[in-house]
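Listing of structure-v2.cif, mmCIF, N, CA and C atoms and all ligand atoms
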```cif
data_model
loop_
_atom_site.group_PDB
_atom_site.id
_atom_site.type_symbol
_atom_site.label_atom_id
_atom_site.label_comp_id
_atom_site.auth_asym_id
_atom_site.auth_seq_id
_atom_site.Cartn_x
_atom_site.Cartn_y
_atom_site.Cartn_z
ATOM 1 N N MET A 8 60.775 -65.105 62.494
ATOM 2 C CA MET A 8 59.745 -65.716 61.659
ATOM 3 C C MET A 8 59.177 -64.664 60.703
ATOM 4 N N HIS A 9 58.875 -65.137 59.497
ATOM 5 C CA HIS A 9 58.321 -64.222 58.491
ATOM 6 C C HIS A 9 57.010 -64.811 57.957
ATOM 7 N N THR A 10 56.096 -63.914 57.652
ATOM 8 C CA THR A 10 54.789 -64.334 57.171
ATOM 9 C C THR A 10 54.792 -64.485 55.656
ATOM 10 N N VAL A 11 54.383 -65.661 55.216
ATOM 11 C CA VAL A 11 54.159 -65.912 53.797
ATOM 12 C C VAL A 11 52.652 -66.008 53.599
ATOM 13 N N THR A 12 52.109 -65.128 52.779
ATOM 14 C CA THR A 12 50.679 -65.137 52.501
ATOM 15 C C THR A 12 50.463 -65.731 51.122
ATOM 16 N N LEU A 13 49.671 -66.788 51.090
ATOM 17 C CA LEU A 13 49.398 -67.494 49.837
ATOM 18 C C LEU A 13 48.016 -67.086 49.335
ATOM 19 N N MET A 14 48.010 -66.497 48.155
ATOM 20 C CA MET A 14 46.765 -66.057 47.540
ATOM 21 C C MET A 14 46.352 -67.058 46.452
ATOM 22 N N PRO A 15 45.099 -67.136 46.087
ATOM 23 C CA PRO A 15 43.999 -66.276 46.504
ATOM 24 C C PRO A 15 43.348 -66.701 47.815
ATOM 25 N N GLN A 16 43.821 -67.789 48.412
ATOM 26 C CA GLN A 16 43.188 -68.272 49.641
ATOM 27 C C GLN A 16 43.367 -67.311 50.800
ATOM 28 N N GLY A 17 44.468 -66.555 50.798
ATOM 29 C CA GLY A 17 44.763 -65.664 51.912
ATOM 30 C C GLY A 17 45.316 -66.390 53.120
ATOM 31 N N VAL A 18 45.798 -67.597 52.918
ATOM 32 C CA VAL A 18 46.367 -68.383 54.011
ATOM 33 C C VAL A 18 47.723 -67.803 54.397
ATOM 34 N N GLU A 19 47.942 -67.645 55.698
ATOM 35 C CA GLU A 19 49.217 -67.127 56.184
ATOM 36 C C GLU A 19 49.984 -68.238 56.889
ATOM 37 N N VAL A 20 51.278 -68.334 56.551
ATOM 38 C CA VAL A 20 52.166 -69.329 57.144
ATOM 39 C C VAL A 20 53.397 -68.602 57.666
ATOM 40 N N LEU A 21 53.827 -68.969 58.867
ATOM 41 C CA LEU A 21 55.053 -68.395 59.420
ATOM 42 C C LEU A 21 56.217 -69.322 59.123
ATOM 43 N N LEU A 22 57.259 -68.774 58.480
ATOM 44 C CA LEU A 22 58.476 -69.545 58.201
ATOM 45 C C LEU A 22 59.653 -68.828 58.843
ATOM 46 N N SER A 23 60.589 -69.593 59.343
ATOM 47 C CA SER A 23 61.776 -68.994 59.951
ATOM 48 C C SER A 23 62.657 -68.365 58.879
ATOM 49 N N ALA A 24 63.426 -67.369 59.282
ATOM 50 C CA ALA A 24 64.281 -66.636 58.353
ATOM 51 C C ALA A 24 65.216 -67.590 57.627
ATOM 52 N N GLY A 25 65.291 -67.432 56.323
ATOM 53 C CA GLY A 25 66.161 -68.255 55.509
ATOM 54 C C GLY A 25 65.535 -69.547 55.031
ATOM 55 N N SER A 26 64.303 -69.820 55.471
ATOM 56 C CA SER A 26 63.631 -71.043 55.031
ATOM 57 C C SER A 26 63.328 -70.999 53.541
ATOM 58 N N SER A 27 63.329 -72.152 52.924
ATOM 59 C CA SER A 27 62.901 -72.260 51.533
ATOM 60 C C SER A 27 61.382 -72.246 51.474
ATOM 61 N N LEU A 28 60.848 -71.703 50.399
ATOM 62 C CA LEU A 28 59.392 -71.763 50.212
ATOM 63 C C LEU A 28 58.908 -73.198 50.046
ATOM 64 N N VAL A 29 59.808 -74.135 49.811
ATOM 65 C CA VAL A 29 59.430 -75.553 49.755
ATOM 66 C C VAL A 29 58.774 -75.976 51.076
ATOM 67 N N GLU A 30 59.115 -75.282 52.172
ATOM 68 C CA GLU A 30 58.514 -75.589 53.476
ATOM 69 C C GLU A 30 56.995 -75.483 53.446
ATOM 70 N N LEU A 31 56.471 -74.694 52.511
ATOM 71 C CA LEU A 31 55.008 -74.560 52.412
ATOM 72 C C LEU A 31 54.344 -75.907 52.189
ATOM 73 N N GLU A 32 55.035 -76.782 51.472
ATOM 74 C CA GLU A 32 54.468 -78.101 51.188
ATOM 75 C C GLU A 32 54.194 -78.872 52.481
ATOM 76 N N PHE A 33 55.062 -78.692 53.464
ATOM 77 C CA PHE A 33 54.894 -79.386 54.739
ATOM 78 C C PHE A 33 53.924 -78.635 55.646
ATOM 79 N N GLU A 34 54.048 -77.313 55.656
ATOM 80 C CA GLU A 34 53.191 -76.500 56.526
ATOM 81 C C GLU A 34 51.724 -76.572 56.101
ATOM 82 N N LEU A 35 51.501 -76.743 54.802
ATOM 83 C CA LEU A 35 50.128 -76.755 54.284
ATOM 84 C C LEU A 35 49.748 -78.145 53.772
ATOM 85 N N TYR A 36 50.311 -79.168 54.375
ATOM 86 C CA TYR A 36 50.056 -80.539 53.928
ATOM 87 C C TYR A 36 48.551 -80.805 53.843
ATOM 88 N N GLY A 37 48.128 -81.269 52.696
ATOM 89 C CA GLY A 37 46.723 -81.589 52.499
ATOM 90 C C GLY A 37 45.878 -80.409 52.078
ATOM 91 N N GLN A 38 46.470 -79.232 52.029
ATOM 92 C CA GLN A 38 45.749 -78.041 51.610
ATOM 93 C C GLN A 38 46.314 -77.552 50.270
ATOM 94 N N GLU A 39 45.560 -76.676 49.629
ATOM 95 C CA GLU A 39 46.024 -76.051 48.392
ATOM 96 C C GLU A 39 47.307 -75.278 48.664
ATOM 97 N N SER A 40 48.326 -75.519 47.879
ATOM 98 C CA SER A 40 49.602 -74.838 48.085
ATOM 99 C C SER A 40 50.272 -74.631 46.729
ATOM 100 N N ILE A 41 51.569 -74.460 46.748
ATOM 101 C CA ILE A 41 52.331 -74.348 45.510
ATOM 102 C C ILE A 41 52.569 -75.767 44.988
ATOM 103 N N PRO A 42 52.343 -76.018 43.686
ATOM 104 C CA PRO A 42 52.517 -77.373 43.141
ATOM 105 C C PRO A 42 53.984 -77.702 42.872
ATOM 106 N N PHE A 43 54.721 -78.081 43.915
ATOM 107 C CA PHE A 43 56.135 -78.397 43.739
ATOM 108 C C PHE A 43 56.313 -79.715 42.987
ATOM 109 N N GLY A 44 57.377 -79.761 42.203
ATOM 110 C CA GLY A 44 57.748 -80.975 41.493
ATOM 111 C C GLY A 44 59.149 -81.387 41.899
ATOM 112 N N CYS A 45 60.126 -81.021 41.066
ATOM 113 C CA CYS A 45 61.511 -81.466 41.262
ATOM 114 C C CYS A 45 62.194 -80.842 42.472
ATOM 115 N N LYS A 46 61.833 -79.628 42.811
ATOM 116 C CA LYS A 46 62.414 -78.854 43.927
ATOM 117 C C LYS A 46 63.878 -78.475 43.712
ATOM 118 N N VAL A 47 64.346 -78.556 42.503
ATOM 119 C CA VAL A 47 65.734 -78.148 42.208
ATOM 120 C C VAL A 47 65.799 -77.150 41.042
ATOM 121 N N GLY A 48 64.666 -76.558 40.684
ATOM 122 C CA GLY A 48 64.692 -75.532 39.651
ATOM 123 C C GLY A 48 64.703 -76.052 38.235
ATOM 124 N N ALA A 49 64.247 -77.287 38.016
ATOM 125 C CA ALA A 49 64.378 -77.886 36.691
ATOM 126 C C ALA A 49 63.064 -78.200 35.981
ATOM 127 N N CYS A 50 61.936 -78.194 36.690
ATOM 128 C CA CYS A 50 60.694 -78.649 36.044
ATOM 129 C C CYS A 50 59.700 -77.527 35.744
ATOM 130 N N GLY A 51 59.735 -76.459 36.495
ATOM 131 C CA GLY A 51 58.837 -75.327 36.266
ATOM 132 C C GLY A 51 57.475 -75.465 36.914
ATOM 133 N N ALA A 52 57.259 -76.497 37.695
ATOM 134 C CA ALA A 52 55.942 -76.685 38.323
ATOM 135 C C ALA A 52 55.621 -75.612 39.358
ATOM 136 N N CYS A 53 56.640 -75.044 39.963
ATOM 137 C CA CYS A 53 56.437 -74.189 41.138
ATOM 138 C C CYS A 53 56.480 -72.699 40.822
ATOM 139 N N VAL A 54 56.231 -72.316 39.574
ATOM 140 C CA VAL A 54 56.280 -70.890 39.244
ATOM 141 C C VAL A 54 55.249 -70.130 40.086
ATOM 142 N N ILE A 55 55.721 -69.056 40.699
ATOM 143 C CA ILE A 55 54.836 -68.191 41.488
ATOM 144 C C ILE A 55 54.914 -66.775 40.949
ATOM 145 N N GLN A 56 53.852 -66.028 41.220
ATOM 146 C CA GLN A 56 53.879 -64.592 41.014
ATOM 147 C C GLN A 56 53.991 -63.959 42.389
ATOM 148 N N VAL A 57 54.965 -63.095 42.555
ATOM 149 C CA VAL A 57 55.165 -62.418 43.836
ATOM 150 C C VAL A 57 54.360 -61.129 43.808
ATOM 151 N N LEU A 58 53.351 -61.064 44.659
ATOM 152 C CA LEU A 58 52.459 -59.909 44.679
ATOM 153 C C LEU A 58 52.989 -58.802 45.579
ATOM 154 N N ASP A 59 53.767 -59.178 46.590
ATOM 155 C CA ASP A 59 54.340 -58.175 47.494
ATOM 156 C C ASP A 59 55.568 -58.786 48.174
ATOM 157 N N GLY A 60 56.589 -57.971 48.371
ATOM 158 C CA GLY A 60 57.771 -58.415 49.118
ATOM 159 C C GLY A 60 58.793 -59.158 48.284
ATOM 160 N N ALA A 61 58.846 -58.907 46.992
ATOM 161 C CA ALA A 61 59.783 -59.625 46.117
ATOM 162 C C ALA A 61 61.231 -59.508 46.596
ATOM 163 N N ASN A 62 61.555 -58.393 47.211
ATOM 164 C CA ASN A 62 62.932 -58.189 47.689
ATOM 165 C C ASN A 62 63.242 -59.027 48.926
ATOM 166 N N HIS A 63 62.250 -59.760 49.435
ATOM 167 C CA HIS A 63 62.459 -60.610 50.609
ATOM 168 C C HIS A 63 62.680 -62.072 50.239
ATOM 169 N N LEU A 64 62.875 -62.359 48.948
ATOM 170 C CA LEU A 64 63.023 -63.754 48.504
ATOM 171 C C LEU A 64 64.406 -64.067 47.952
ATOM 172 N N GLY A 65 65.386 -63.240 48.266
ATOM 173 C CA GLY A 65 66.716 -63.492 47.734
ATOM 174 C C GLY A 65 66.773 -63.121 46.262
ATOM 175 N N SER A 66 67.960 -63.109 45.736
ATOM 176 C CA SER A 66 68.126 -62.686 44.345
ATOM 177 C C SER A 66 67.852 -63.847 43.393
ATOM 178 N N LYS A 67 67.442 -63.490 42.193
ATOM 179 C CA LYS A 67 67.164 -64.477 41.150
ATOM 180 C C LYS A 67 68.457 -64.777 40.409
ATOM 181 N N GLY A 68 68.859 -66.019 40.403
ATOM 182 C CA GLY A 68 70.081 -66.406 39.703
ATOM 183 C C GLY A 68 69.876 -66.439 38.202
ATOM 184 N N ASP A 69 70.980 -66.464 37.480
ATOM 185 C CA ASP A 69 70.907 -66.483 36.014
ATOM 186 C C ASP A 69 70.153 -67.709 35.497
ATOM 187 N N ASP A 70 70.398 -68.884 36.095
ATOM 188 C CA ASP A 70 69.713 -70.099 35.638
ATOM 189 C C ASP A 70 68.214 -69.988 35.848
ATOM 190 N N GLU A 71 67.803 -69.449 37.015
ATOM 191 C CA GLU A 71 66.366 -69.291 37.294
ATOM 192 C C GLU A 71 65.750 -68.296 36.310
ATOM 193 N N ARG A 72 66.434 -67.171 36.096
ATOM 194 C CA ARG A 72 65.921 -66.152 35.170
ATOM 195 C C ARG A 72 65.778 -66.729 33.756
ATOM 196 N N ASP A 73 66.802 -67.434 33.302
ATOM 197 C CA ASP A 73 66.771 -67.995 31.945
ATOM 198 C C ASP A 73 65.645 -69.020 31.799
ATOM 199 N N PHE A 74 65.470 -69.863 32.824
ATOM 200 C CA PHE A 74 64.435 -70.901 32.740
ATOM 201 C C PHE A 74 63.044 -70.276 32.766
ATOM 202 N N LEU A 75 62.843 -69.262 33.612
ATOM 203 C CA LEU A 75 61.545 -68.582 33.659
ATOM 204 C C LEU A 75 61.230 -67.925 32.315
ATOM 205 N N GLU A 76 62.216 -67.309 31.701
ATOM 206 C CA GLU A 76 61.990 -66.688 30.394
ATOM 207 C C GLU A 76 61.672 -67.749 29.355
ATOM 208 N N PHE A 77 62.363 -68.900 29.419
ATOM 209 C CA PHE A 77 62.073 -70.013 28.511
ATOM 210 C C PHE A 77 60.624 -70.481 28.664
ATOM 211 N N LEU A 78 60.124 -70.459 29.899
ATOM 212 C CA LEU A 78 58.751 -70.889 30.180
ATOM 213 C C LEU A 78 57.711 -69.819 29.836
ATOM 214 N N GLY A 79 58.187 -68.614 29.512
ATOM 215 C CA GLY A 79 57.274 -67.536 29.153
ATOM 216 C C GLY A 79 56.909 -66.633 30.312
ATOM 217 N N TYR A 80 57.681 -66.715 31.403
ATOM 218 C CA TYR A 80 57.421 -65.878 32.574
ATOM 219 C C TYR A 80 58.527 -64.837 32.726
ATOM 220 N N ALA A 81 58.556 -63.899 31.812
ATOM 221 C CA ALA A 81 59.534 -62.827 31.896
ATOM 222 C C ALA A 81 59.064 -61.795 32.921
ATOM 223 N N GLY A 82 60.004 -61.092 33.494
ATOM 224 C CA GLY A 82 59.647 -60.033 34.445
ATOM 225 C C GLY A 82 60.033 -60.401 35.859
ATOM 226 N N ASP A 83 60.164 -59.375 36.670
ATOM 227 C CA ASP A 83 60.682 -59.562 38.023
ATOM 228 C C ASP A 83 59.673 -60.160 38.995
ATOM 229 N N THR A 84 58.393 -60.212 38.646
ATOM 230 C CA THR A 84 57.403 -60.706 39.613
ATOM 231 C C THR A 84 57.331 -62.231 39.638
ATOM 232 N N PHE A 85 57.900 -62.893 38.643
ATOM 233 C CA PHE A 85 57.821 -64.356 38.609
ATOM 234 C C PHE A 85 59.079 -64.990 39.183
ATOM 235 N N ARG A 86 58.886 -66.031 39.968
ATOM 236 C CA ARG A 86 59.997 -66.776 40.576
ATOM 237 C C ARG A 86 59.688 -68.269 40.552
ATOM 238 N N LEU A 87 60.732 -69.056 40.706
ATOM 239 C CA LEU A 87 60.554 -70.480 40.987
ATOM 240 C C LEU A 87 60.562 -70.602 42.508
ATOM 241 N N ALA A 88 59.439 -70.995 43.080
ATOM 242 C CA ALA A 88 59.325 -71.008 44.541
ATOM 243 C C ALA A 88 60.405 -71.876 45.182
ATOM 244 N N CYS A 89 60.777 -72.956 44.523
ATOM 245 C CA CYS A 89 61.764 -73.860 45.120
ATOM 246 C C CYS A 89 63.149 -73.236 45.195
ATOM 247 N N GLN A 90 63.341 -72.108 44.521
ATOM 248 C CA GLN A 90 64.643 -71.441 44.523
ATOM 249 C C GLN A 90 64.650 -70.201 45.416
ATOM 250 N N CYS A 91 63.562 -70.007 46.172
ATOM 251 C CA CYS A 91 63.423 -68.798 46.995
ATOM 252 C C CYS A 91 63.578 -69.120 48.468
ATOM 253 N N SER A 92 64.365 -68.282 49.148
ATOM 254 C CA SER A 92 64.437 -68.352 50.603
ATOM 255 C C SER A 92 63.779 -67.091 51.163
ATOM 256 N N VAL A 93 63.138 -67.251 52.302
ATOM 257 C CA VAL A 93 62.310 -66.188 52.864
ATOM 258 C C VAL A 93 63.126 -65.347 53.844
ATOM 259 N N ASN A 94 63.181 -64.047 53.561
ATOM 260 C CA ASN A 94 63.914 -63.132 54.438
ATOM 261 C C ASN A 94 63.067 -61.935 54.832
ATOM 262 N N GLY A 95 61.753 -62.099 54.777
ATOM 263 C CA GLY A 95 60.818 -61.036 55.133
ATOM 264 C C GLY A 95 59.430 -61.445 54.681
ATOM 265 N N ALA A 96 58.453 -60.618 54.987
ATOM 266 C CA ALA A 96 57.067 -60.926 54.624
ATOM 267 C C ALA A 96 56.880 -60.892 53.110
ATOM 268 N N VAL A 97 56.169 -61.883 52.599
ATOM 269 C CA VAL A 97 55.885 -61.942 51.166
ATOM 270 C C VAL A 97 54.447 -62.391 50.936
ATOM 271 N N THR A 98 53.910 -61.963 49.809
ATOM 272 C CA THR A 98 52.597 -62.418 49.359
ATOM 273 C C THR A 98 52.781 -62.994 47.968
ATOM 274 N N ILE A 99 52.352 -64.247 47.802
ATOM 275 C CA ILE A 99 52.601 -64.956 46.546
ATOM 276 C C ILE A 99 51.339 -65.684 46.086
ATOM 277 N N LYS A 100 51.326 -66.064 44.817
ATOM 278 C CA LYS A 100 50.294 -66.975 44.325
ATOM 279 C C LYS A 100 50.914 -67.875 43.275
ATOM 280 N N ALA A 101 50.388 -69.080 43.183
ATOM 281 C CA ALA A 101 50.873 -70.018 42.179
ATOM 282 C C ALA A 101 50.500 -69.503 40.796
ATOM 283 N N ALA A 102 51.459 -69.546 39.875
ATOM 284 C CA ALA A 102 51.171 -69.125 38.512
ATOM 285 C C ALA A 102 50.418 -70.202 37.760
ATOM 286 N N LEU A 103 50.667 -71.454 38.127
ATOM 287 C CA LEU A 103 50.009 -72.590 37.492
ATOM 288 C C LEU A 103 48.930 -73.105 38.413
ATOM 289 N N SER A 104 47.718 -73.135 37.937
ATOM 290 C CA SER A 104 46.602 -73.615 38.745
ATOM 291 C C SER A 104 46.404 -75.102 38.529
ATOM 292 N N ARG A 105 46.000 -75.794 39.575
ATOM 293 C CA ARG A 105 45.683 -77.226 39.440
ATOM 294 C C ARG A 105 44.301 -77.418 38.863
ATOM 295 N N ASN A 106 43.521 -76.348 38.824
ATOM 296 C CA ASN A 106 42.141 -76.463 38.346
ATOM 297 C C ASN A 106 42.085 -76.349 36.837
HETATM 298 S S1 LIG B 1 59.727 -77.643 41.787
HETATM 299 FE FE1 LIG B 1 60.642 -77.935 39.844
HETATM 300 S S2 LIG B 1 61.323 -75.955 39.310
HETATM 301 FE FE2 LIG B 1 60.606 -75.709 41.349
#
```

Could you express the structure from this file as structure tokens?
Amino acid sequence: MHTVTLMPQGVEVLLSAGSSLVELEFELYGQESIPFGCKVGACGACVIQVLDGANHLGSKGDDERDFLEFLGYAGDTFRLACQCSVNGAVTIKAALSRN
């Protein structure tokens, strides 16, 4: 199990190795979480900033990198949460706020 810390709330969720960050939607049902949409890397709703542990989220594919750059999120700290699998402790925050 690996700890995913969601900021700014500081909520910690344990996910099994290899789990998708999409699991956060179920683990945090009814609570503030990542705003998932399509869950296939096509809508951009789930952009996150990785504050710590970026190397624990698998590699960023060319399609994900290109789409993030198209959305204006260049740089290694931004990911599409729906395209990330957890392989170690990470600290993340949603780039898009619902507020
Ligand atoms: S939920 Fe649509 S890109 Fe991740």

Step by step, work through what the PyMOL selection byres (((chain A and resi 29) around 7) and not hetatm) selects in the shown file, and finish by giving those residues as a ChimeraX atom specification.
-> /A:26-28,30-34,88-91

Check every protein, DNA and RNA residue against ligand LIG 1 (chain B), keep those with an atom at most 6.5 Å away (counting all atoms listed in the file), and present them as JSON, numbers by chain.
-> {"A": [42, 43, 44, 45, 46, 47, 48, 49, 50, 51, 52, 53, 54, 87, 88, 89, 90]}

Run the PyMOL selection byres (((chain A and resi 101) around 7) and not hetatm) mentally over the shown coordinates, then write out the matched residues as a PyMOL selection string, using the chain letters and numbers from the document.
-> chain A and resi 13-15+40-42+53-56+99-100+102-104

Can you write just those residues out, N, CA and C atoms, as a PDB file, keeping the file's coordinate frame?
```
ATOM      1  N   LEU A  13      49.671 -66.788  51.090  1.00  0.00           N
ATOM      2  CA  LEU A  13      49.398 -67.494  49.837  1.00  0.00           C
ATOM      3  C   LEU A  13      48.016 -67.086  49.335  1.00  0.00           C
ATOM      4  N   MET A  14      48.010 -66.497  48.155  1.00  0.00           N
ATOM      5  CA  MET A  14      46.765 -66.057  47.540  1.00  0.00           C
ATOM      6  C   MET A  14      46.352 -67.058  46.452  1.00  0.00           C
ATOM      7  N   PRO A  15      45.099 -67.136  46.087  1.00  0.00           N
ATOM      8  CA  PRO A  15      43.999 -66.276  46.504  1.00  0.00           C
ATOM      9  C   PRO A  15      43.348 -66.701  47.815  1.00  0.00           C
ATOM     10  N   SER A  40      48.326 -75.519  47.879  1.00  0.00           N
ATOM     11  CA  SER A  40      49.602 -74.838  48.085  1.00  0.00           C
ATOM     12  C   SER A  40      50.272 -74.631  46.729  1.00  0.00           C
ATOM     13  N   ILE A  41      51.569 -74.460  46.748  1.00  0.00           N
ATOM     14  CA  ILE A  41      52.331 -74.348  45.510  1.00  0.00           C
ATOM     15  C   ILE A  41      52.569 -75.767  44.988  1.00  0.00           C
ATOM     16  N   PRO A  42      52.343 -76.018  43.686  1.00  0.00           N
ATOM     17  CA  PRO A  42      52.517 -77.373  43.141  1.00  0.00           C
ATOM     18  C   PRO A  42      53.984 -77.702  42.872  1.00  0.00           C
ATOM     19  N   CYS A  53      56.640 -75.044  39.963  1.00  0.00           N
ATOM     20  CA  CYS A  53      56.437 -74.189  41.138  1.00  0.00           C
ATOM     21  C   CYS A  53      56.480 -72.699  40.822  1.00  0.00           C
ATOM     22  N   VAL A  54      56.231 -72.316  39.574  1.00  0.00           N
ATOM     23  CA  VAL A  54      56.280 -70.890  39.244  1.00  0.00           C
ATOM     24  C   VAL A  54      55.249 -70.130  40.086  1.00  0.00           C
ATOM     25  N   ILE A  55      55.721 -69.056  40.699  1.00  0.00           N
ATOM     26  CA  ILE A  55      54.836 -68.191  41.488  1.00  0.00           C
ATOM     27  C   ILE A  55      54.914 -66.775  40.949  1.00  0.00           C
ATOM     28  N   GLN A  56      53.852 -66.028  41.220  1.00  0.00           N
ATOM     29  CA  GLN A  56      53.879 -64.592  41.014  1.00  0.00           C
ATOM     30  C   GLN A  56      53.991 -63.959  42.389  1.00  0.00           C
ATOM     31  N   ILE A  99      52.352 -64.247  47.802  1.00  0.00           N
ATOM     32  CA  ILE A  99      52.601 -64.956  46.546  1.00  0.00           C
ATOM     33  C   ILE A  99      51.339 -65.684  46.086  1.00  0.00           C
ATOM     34  N   LYS A 100      51.326 -66.064  44.817  1.00  0.00           N
ATOM     35  CA  LYS A 100      50.294 -66.975  44.325  1.00  0.00           C
ATOM     36  C   LYS A 100      50.914 -67.875  43.275  1.00  0.00           C
ATOM     37  N   ALA A 102      51.459 -69.546  39.875  1.00  0.00           N
ATOM     38  CA  ALA A 102      51.171 -69.125  38.512  1.00  0.00           C
ATOM     39  C   ALA A 102      50.418 -70.202  37.760  1.00  0.00           C
ATOM     40  N   LEU A 103      50.667 -71.454  38.127  1.00  0.00           N
ATOM     41  CA  LEU A 103      50.009 -72.590  37.492  1.00  0.00           C
ATOM     42  C   LEU A 103      48.930 -73.105  38.413  1.00  0.00           C
ATOM     43  N   SER A 104      47.718 -73.135  37.937  1.00  0.00           N
ATOM     44  CA  SER A 104      46.602 -73.615  38.745  1.00  0.00           C
ATOM     45  C   SER A 104      46.404 -75.102  38.529  1.00  0.00           C
TER      46      SER A 104
END
```

Looking only at the backbone, which of the residues in range 16-106 of chain A does DSSP tag as helix (DSSP H, G or I), as JSON, numbers by chain?
-> {"A": [30, 31, 32, 33, 34, 61, 62, 63, 69, 70, 71, 72, 73, 74, 75, 76, 77, 78, 88, 89, 90]}

Of the candidates A:Thr12, A:Ser23, A:Gln38, A:Ala61, which shows the shortest atom-to-atom distance to Thr84 in chain A, using all atoms listed in the file?
->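 Smallest separation from Thr84 in chain A among the options: A:Ala61.
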